[in-house]
Amino acid sequence: MSNIVVDKTKVPWWVSNVIVPLVNLSLALFVSGIFIFIAGENPIEAVKLIIFGSFGYIQGFAYTLYYTTNFIFTGLAFAVAFHCRLFNIGGEGQAYIGGLGVFLVAINLSFLPVPIVWLLAILGAILFGAAWAYIPAYLQSKRGSHVVITTIMFNFIASSLMIYLLVDVIRDTNQMAPHTVKLPEEIWLPSFEALSGVLGIKIRYSPLNLTFLLAIASLFFVWFLIWKTRWGYEMRAVGHNTQAAIYAGISPHKNIIIAMCISGGLAGLLGVNEILGVSHKIQAGFPAGYGFTGIAVALMGRNHPIGILPAAFLFGILYQGGSEVTFEMPNITRYMFVAVQGLIILFSGALENLFRPQIESFFVNRLNREVRS
Amino acid sequence: MVSPILELKNINKSFGHVHANKDINLTINKGTIHGIIGENGAGKSTLMSIVFGLYQANSGSIKVNGNEIKLRSPKDSIINGIGMVHQHFMLVENFTVLENIILGFEGETVFGEKLKKAKKDLKKLCETYNFNIDLDATISDLSVGFRQRVEILKSLYRGAEILILDEPTGVLTPQEVDELFKILRSLKDEGKTIVLITHKLIEIMDLTSEVSVMRQGEMVGHTRTENTNKEKLAEMMVGRSVLLRVDKPEVEKGETVFKVKDLTVKDDLDVIRVKNVNLEICSGEILGIAGVTGNGQTELLEALSGIRNVESGNIELFGETISQKDNYLNPRMLKEKGLAHVPEDRQRMGLVTDFKAYENLIFGYHDQEPYSKSSILNHKEIIEYSNKVMKEYDVRPSSPNLLTSNFSGGNQQKIILSRELNEKPKVLLVGQPTRGVDIGAIEFIHQRLIDMRNKGAAILVASVELEEVLSLSDRIIVMFDGKIVGEKINKNVTDRELGLLMAGVTE
């Protein structure tokens, strides 16, 4: 009898967290294949190109990991808020403002020792991102304005604000384009090729840089925060059952604000990758949709760091491999891969439970039979 | 000559690994009131949901009037003359009685002739069974007892010959229960068959002619009611003899520890739900609050436990004001002062059902040592503690890593109780200590509460179960419409007196 109880809790774990997402993903890719076929290209060839483009050579793989870095940040950002049942759709704006934080800290404090500049710039990213998330959080907790609405509006506000700043306030006055001056080279985060150069390996340029390690550290941080600390515990309690949280003396207001600020801070870290690591200046629109794709990453990863890592990696592959495909196949445009992303979001987000019951009962029955025999 | 109207043969039903019904055989005779009793989770509701077509059995056969039938949906059951009144009513609040009854059976697009006929038929039904319902009344204006009648009427109108009632008295006052029983008897006299699912033994003895007992998914016995008694049935239900009344030694009452003065409380909709309530609780005493659901007990408990702001008046704990208008200590501060609270709705408030058992076992105490140190949870310590209390409180299954929603209601309640009692509170507020909890667990929970009292805790118990209030309390107050309408010393009060007070009859 006790065996059966253990099974009941064990079975759905890997079935619902591994098998079901994989089935959903396969379906999305299958439908994408049909699209590619209709567009007049061979889907199998496209898959080959994707795999080659993202794994086939070091530079491609480095690009994949660079995209993965961004998706980890924005995926984690969505996941943390979601554990408090908040749909933070504002990762895009928080990342944008986070980038402002990185830049302002780095350019003004560049006289400090380099590691300290990095540390402060990271803090700047977190603080600015968190501050941008704080306003919707406050409005949600005190005024009941729904965070979905406010965060999405704050994306637009962030965008307008940044355009204003880039055009009128912090623009590199030697340029017409809306971007800032470059940061002094000595405080750039070491890139992958610089690091491998130290080891005597020569590779071509890629945007991958030290921020990747920060992303991996963030995965650990979120895991620890959500499941090992009192704050994570309280955030989850508020998210799952607000009434019960109040009963237990846990303040929903406080936790909504904490969850949103941590979420915004994580989104802000995207700015570290983009500004301290890659472009070394703020360019208009640099978050480039990573904030939104992060929602899909979190959904696919079931809001758990262990799931977010492979989900972010998958989207990294799609981004990098996808650009390879559009380069090689004239009938496939960049937008085709936006559609592929859309399909993945559709199947692993909106239609997440389409086949879940069937798949789960299939496995439960199978295991039942094994237990009995 | 009795003839079976409903026959179930070897019904089996599993939900995943849970075998909810095992080889159930049941024969119900025409024109009888047949009781089905069993603890929570015994499989009564599952069985009746199969009969009503809500679930399909994995195997077995169902016969109505000797003919084997297939029940794929409630529609099939209605066609075969089976009706069901659920524990939670399925009525559209802003529709009239008539509109609710014909819902889905309107028979015409533009109301006219058929509606008139339906009204006539219903009037006749009402007269036959003394329903005393105004067909044009809006549901939201009706009391719970009347709503239930609407449900019964709905089933009858749809041609029910067999009427299944799932825990029909849970929400009724004693007087309403009497009225319901009258109606059920007159239905029986007219040849209808009634299946009564309940866990209240008194109702079985009062009303039924035959009774079937279920335990852990199995049918453990059928008997004619006249050949059995409460004690025997209880024993069959739990599989051992149980004490229906707890032993309660005399205890010296201590000082007053909890004092409520002129308390008025509003609910979330700004309606005054507690009106000028005064009460005191001493250490070593259990004060019972009797009353039908919705007469202010919920809001009173929430105000006392620091969840809800008070409108006026104040609350004192150990002589210190803990709550007055717009200024109250929150539950966490109250816990530190030795006040624990077992909320009346465990799933809405007492637990996070998506949490694992161990997470709920420290809920509200999670920031205290040894469960957490400088905000980091100490899992080893928590699991160790969880294993210990789960054993002590006989929570089954005793696996701290199981999701709380996988525990039965009784075991969820034990999780809350073990959490709240473990800290040895000086004041304990308990709402519905045993709602939806089986008899074995009720006894256990009652014993724990009495133990706490004997050790000098001041305890407030609010329950809609009169028997529970009577068996636990030293002193009883009755709430009606937000006011305390009577206070009695337990020794010299009858349930009839209390029942009248609960119904608002003060003199």
# chains A, B, ... in the order shown; residues from 1 in each chain; ligands from 1
>>> residues_around(residues="Ile257 of chain A", least_positions_apart="2", cutoff="10 Å", atoms="only C-alpha atoms", output="list in words")
Ala81, Cys84, Ala130, Ala133, Tyr134, Ile135, Pro136, Ala137, Tyr138, Leu139, Gln140, Ser141, Lys142, Met235, Pro252, His253, Lys254, Asn255, Ala259, Met260, Cys261, Ile262 and Ser263 of chain A
>>> write_last_selection(atoms="N, CA and C atoms", output="PDB file, in the first residue's frame")
ATOM      1  N   ALA A  81       8.137  35.948 -10.149  1.00  0.00           N
ATOM      2  CA  ALA A  81       6.862  36.630  -9.920  1.00  0.00           C
ATOM      3  C   ALA A  81       5.717  35.625  -9.953  1.00  0.00           C
ATOM      4  N   CYS A  84       4.504  33.884  -6.944  1.00  0.00           N
ATOM      5  CA  CYS A  84       3.597  34.668  -6.107  1.00  0.00           C
ATOM      6  C   CYS A  84       2.305  34.938  -6.906  1.00  0.00           C
ATOM      7  N   ALA A 130      14.470  46.492 -10.600  1.00  0.00           N
ATOM      8  CA  ALA A 130      13.551  46.316  -9.472  1.00  0.00           C
ATOM      9  C   ALA A 130      12.689  47.560  -9.283  1.00  0.00           C
ATOM     10  N   ALA A 133       9.931  47.629 -11.637  1.00  0.00           N
ATOM     11  CA  ALA A 133       8.879  46.667 -11.295  1.00  0.00           C
ATOM     12  C   ALA A 133       8.128  47.084 -10.036  1.00  0.00           C
ATOM     13  N   TYR A 134       8.797  47.923  -9.241  1.00  0.00           N
ATOM     14  CA  TYR A 134       8.186  48.298  -7.958  1.00  0.00           C
ATOM     15  C   TYR A 134       6.877  49.059  -8.154  1.00  0.00           C
ATOM     16  N   ILE A 135       6.841  49.919  -9.166  1.00  0.00           N
ATOM     17  CA  ILE A 135       5.640  50.756  -9.316  1.00  0.00           C
ATOM     18  C   ILE A 135       4.397  49.896  -9.621  1.00  0.00           C
ATOM     19  N   PRO A 136       4.457  49.023 -10.624  1.00  0.00           N
ATOM     20  CA  PRO A 136       3.297  48.133 -10.816  1.00  0.00           C
ATOM     21  C   PRO A 136       3.003  47.291  -9.576  1.00  0.00           C
ATOM     22  N   ALA A 137       4.062  46.843  -8.890  1.00  0.00           N
ATOM     23  CA  ALA A 137       3.856  46.029  -7.698  1.00  0.00           C
ATOM     24  C   ALA A 137       3.101  46.821  -6.644  1.00  0.00           C
ATOM     25  N   TYR A 138       3.515  48.059  -6.468  1.00  0.00           N
ATOM     26  CA  TYR A 138       2.841  48.900  -5.482  1.00  0.00           C
ATOM     27  C   TYR A 138       1.378  49.102  -5.870  1.00  0.00           C
ATOM     28  N   LEU A 139       1.173  49.385  -7.149  1.00  0.00           N
ATOM     29  CA  LEU A 139      -0.202  49.617  -7.604  1.00  0.00           C
ATOM     30  C   LEU A 139      -1.057  48.364  -7.428  1.00  0.00           C
ATOM     31  N   GLN A 140      -0.438  47.205  -7.645  1.00  0.00           N
ATOM     32  CA  GLN A 140      -1.175  45.950  -7.453  1.00  0.00           C
ATOM     33  C   GLN A 140      -1.515  45.744  -5.981  1.00  0.00           C
ATOM     34  N   SER A 141      -0.512  45.912  -5.124  1.00  0.00           N
ATOM     35  CA  SER A 141      -0.731  45.526  -3.732  1.00  0.00           C
ATOM     36  C   SER A 141      -1.585  46.547  -2.985  1.00  0.00           C
ATOM     37  N   LYS A 142      -1.452  47.819  -3.319  1.00  0.00           N
ATOM     38  CA  LYS A 142      -2.207  48.809  -2.559  1.00  0.00           C
ATOM     39  C   LYS A 142      -3.506  49.216  -3.249  1.00  0.00           C
ATOM     40  N   MET A 235       6.362  33.920  -0.308  1.00  0.00           N
ATOM     41  CA  MET A 235       5.869  34.306  -1.621  1.00  0.00           C
ATOM     42  C   MET A 235       4.982  33.218  -2.201  1.00  0.00           C
ATOM     43  N   PRO A 252       0.505  39.826   2.304  1.00  0.00           N
ATOM     44  CA  PRO A 252       0.476  39.750   0.845  1.00  0.00           C
ATOM     45  C   PRO A 252       1.106  40.985   0.204  1.00  0.00           C
ATOM     46  N   HIS A 253       0.839  42.166   0.763  1.00  0.00           N
ATOM     47  CA  HIS A 253       1.383  43.400   0.190  1.00  0.00           C
ATOM     48  C   HIS A 253       2.897  43.330   0.071  1.00  0.00           C
ATOM     49  N   LYS A 254       3.502  42.993   1.200  1.00  0.00           N
ATOM     50  CA  LYS A 254       4.940  42.963   1.257  1.00  0.00           C
ATOM     51  C   LYS A 254       5.490  41.952   0.252  1.00  0.00           C
ATOM     52  N   ASN A 255       4.859  40.797   0.209  1.00  0.00           N
ATOM     53  CA  ASN A 255       5.404  39.744  -0.647  1.00  0.00           C
ATOM     54  C   ASN A 255       5.193  40.007  -2.128  1.00  0.00           C
ATOM     55  N   ALA A 259       8.391  40.031  -4.446  1.00  0.00           N
ATOM     56  CA  ALA A 259       8.467  39.133  -5.606  1.00  0.00           C
ATOM     57  C   ALA A 259       8.670  39.935  -6.888  1.00  0.00           C
ATOM     58  N   MET A 260       7.934  41.034  -7.018  1.00  0.00           N
ATOM     59  CA  MET A 260       8.049  41.828  -8.238  1.00  0.00           C
ATOM     60  C   MET A 260       9.423  42.488  -8.347  1.00  0.00           C
ATOM     61  N   CYS A 261       9.940  42.941  -7.216  1.00  0.00           N
ATOM     62  CA  CYS A 261      11.241  43.603  -7.269  1.00  0.00           C
ATOM     63  C   CYS A 261      12.350  42.614  -7.623  1.00  0.00           C
ATOM     64  N   ILE A 262      12.275  41.402  -7.048  1.00  0.00           N
ATOM     65  CA  ILE A 262      13.281  40.401  -7.414  1.00  0.00           C
ATOM     66  C   ILE A 262      13.129  40.056  -8.888  1.00  0.00           C
ATOM     67  N   SER A 263      11.894  39.948  -9.313  1.00  0.00           N
ATOM     68  CA  SER A 263      11.622  39.649 -10.713  1.00  0.00           C
ATOM     69  C   SER A 263      12.213  40.740 -11.615  1.00  0.00           C
TER      70      SER A 263
END
>>> interface_residues(of="chain A", to="chain B", cutoff="8 Å", atoms="only C-alpha atoms", output="list in words")
Ile4, Val5, Lys8, Thr9, Lys228, Thr229, Arg230, Trp231, Ala237, His240, Asn241, Gln243, Ala244, Ala245, Ile246, Tyr247, Ala248, Gly249, Ile250, Ser361, Val364, Asn365 and Asn368 of chain A
>>> atom_distance(atom1="atom CA of Ala303 of chain B", atom2="atom CA of Thr264 of chain B")
9.4 Å
>>> select_by_dssp(residues="segment 192-347 of chain A", states="helix (DSSP H, G or I)", output="number ranges by chain")
A: 192-198, 211-228, 230-240, 242-247, 252-268, 270-279, 290-300, 305-328, 334-347
>>> atom_distance(atom1="atom CA of Ile50 of chain B", atom2="atom CA of Ile69 of chain B")
12.1 Å
>>> residues_around(residues="Leu153 of chain B", least_positions_apart="6", cutoff="8 Å", atoms="only C-alpha atoms", output="PyMOL selection string")
chain B and resi 101+122+125-126
>>> write_last_selection(atoms="N, CA, C and O atoms", output="PDB file, in the first residue's frame")
ATOM      1  N   ILE B 101     -36.214  25.661 -11.714  1.00  0.00           N
ATOM      2  CA  ILE B 101     -36.702  24.296 -11.865  1.00  0.00           C
ATOM      3  C   ILE B 101     -36.810  23.901 -13.329  1.00  0.00           C
ATOM      4  O   ILE B 101     -36.483  22.777 -13.702  1.00  0.00           O
ATOM      5  N   LEU B 122     -46.178  22.249 -10.959  1.00  0.00           N
ATOM      6  CA  LEU B 122     -45.355  22.458  -9.776  1.00  0.00           C
ATOM      7  C   LEU B 122     -46.214  22.813  -8.568  1.00  0.00           C
ATOM      8  O   LEU B 122     -45.944  22.367  -7.457  1.00  0.00           O
ATOM      9  N   LEU B 125     -47.528  19.687  -7.199  1.00  0.00           N
ATOM     10  CA  LEU B 125     -46.475  18.967  -6.467  1.00  0.00           C
ATOM     11  C   LEU B 125     -46.273  19.576  -5.079  1.00  0.00           C
ATOM     12  O   LEU B 125     -46.177  18.865  -4.078  1.00  0.00           O
ATOM     13  N   CYS B 126     -46.217  20.896  -5.046  1.00  0.00           N
ATOM     14  CA  CYS B 126     -46.006  21.590  -3.775  1.00  0.00           C
ATOM     15  C   CYS B 126     -47.109  21.255  -2.780  1.00  0.00           C
ATOM     16  O   CYS B 126     -46.859  21.043  -1.593  1.00  0.00           O
TER      17      CYS B 126
END
>>> atom_distance(atom1="atom CA of Gly81 of chain B", atom2="atom CA of Val51 of chain B")
11.0 Å
>>> residues_around(residues="segment 21-35 of chain B", least_positions_apart="6", cutoff="7 Å", atoms="only C-alpha atoms", output="VMD selection string")
chain B and resid 2 to 14 43 47 188 191 to 197 204 208 to 212 217 to 219
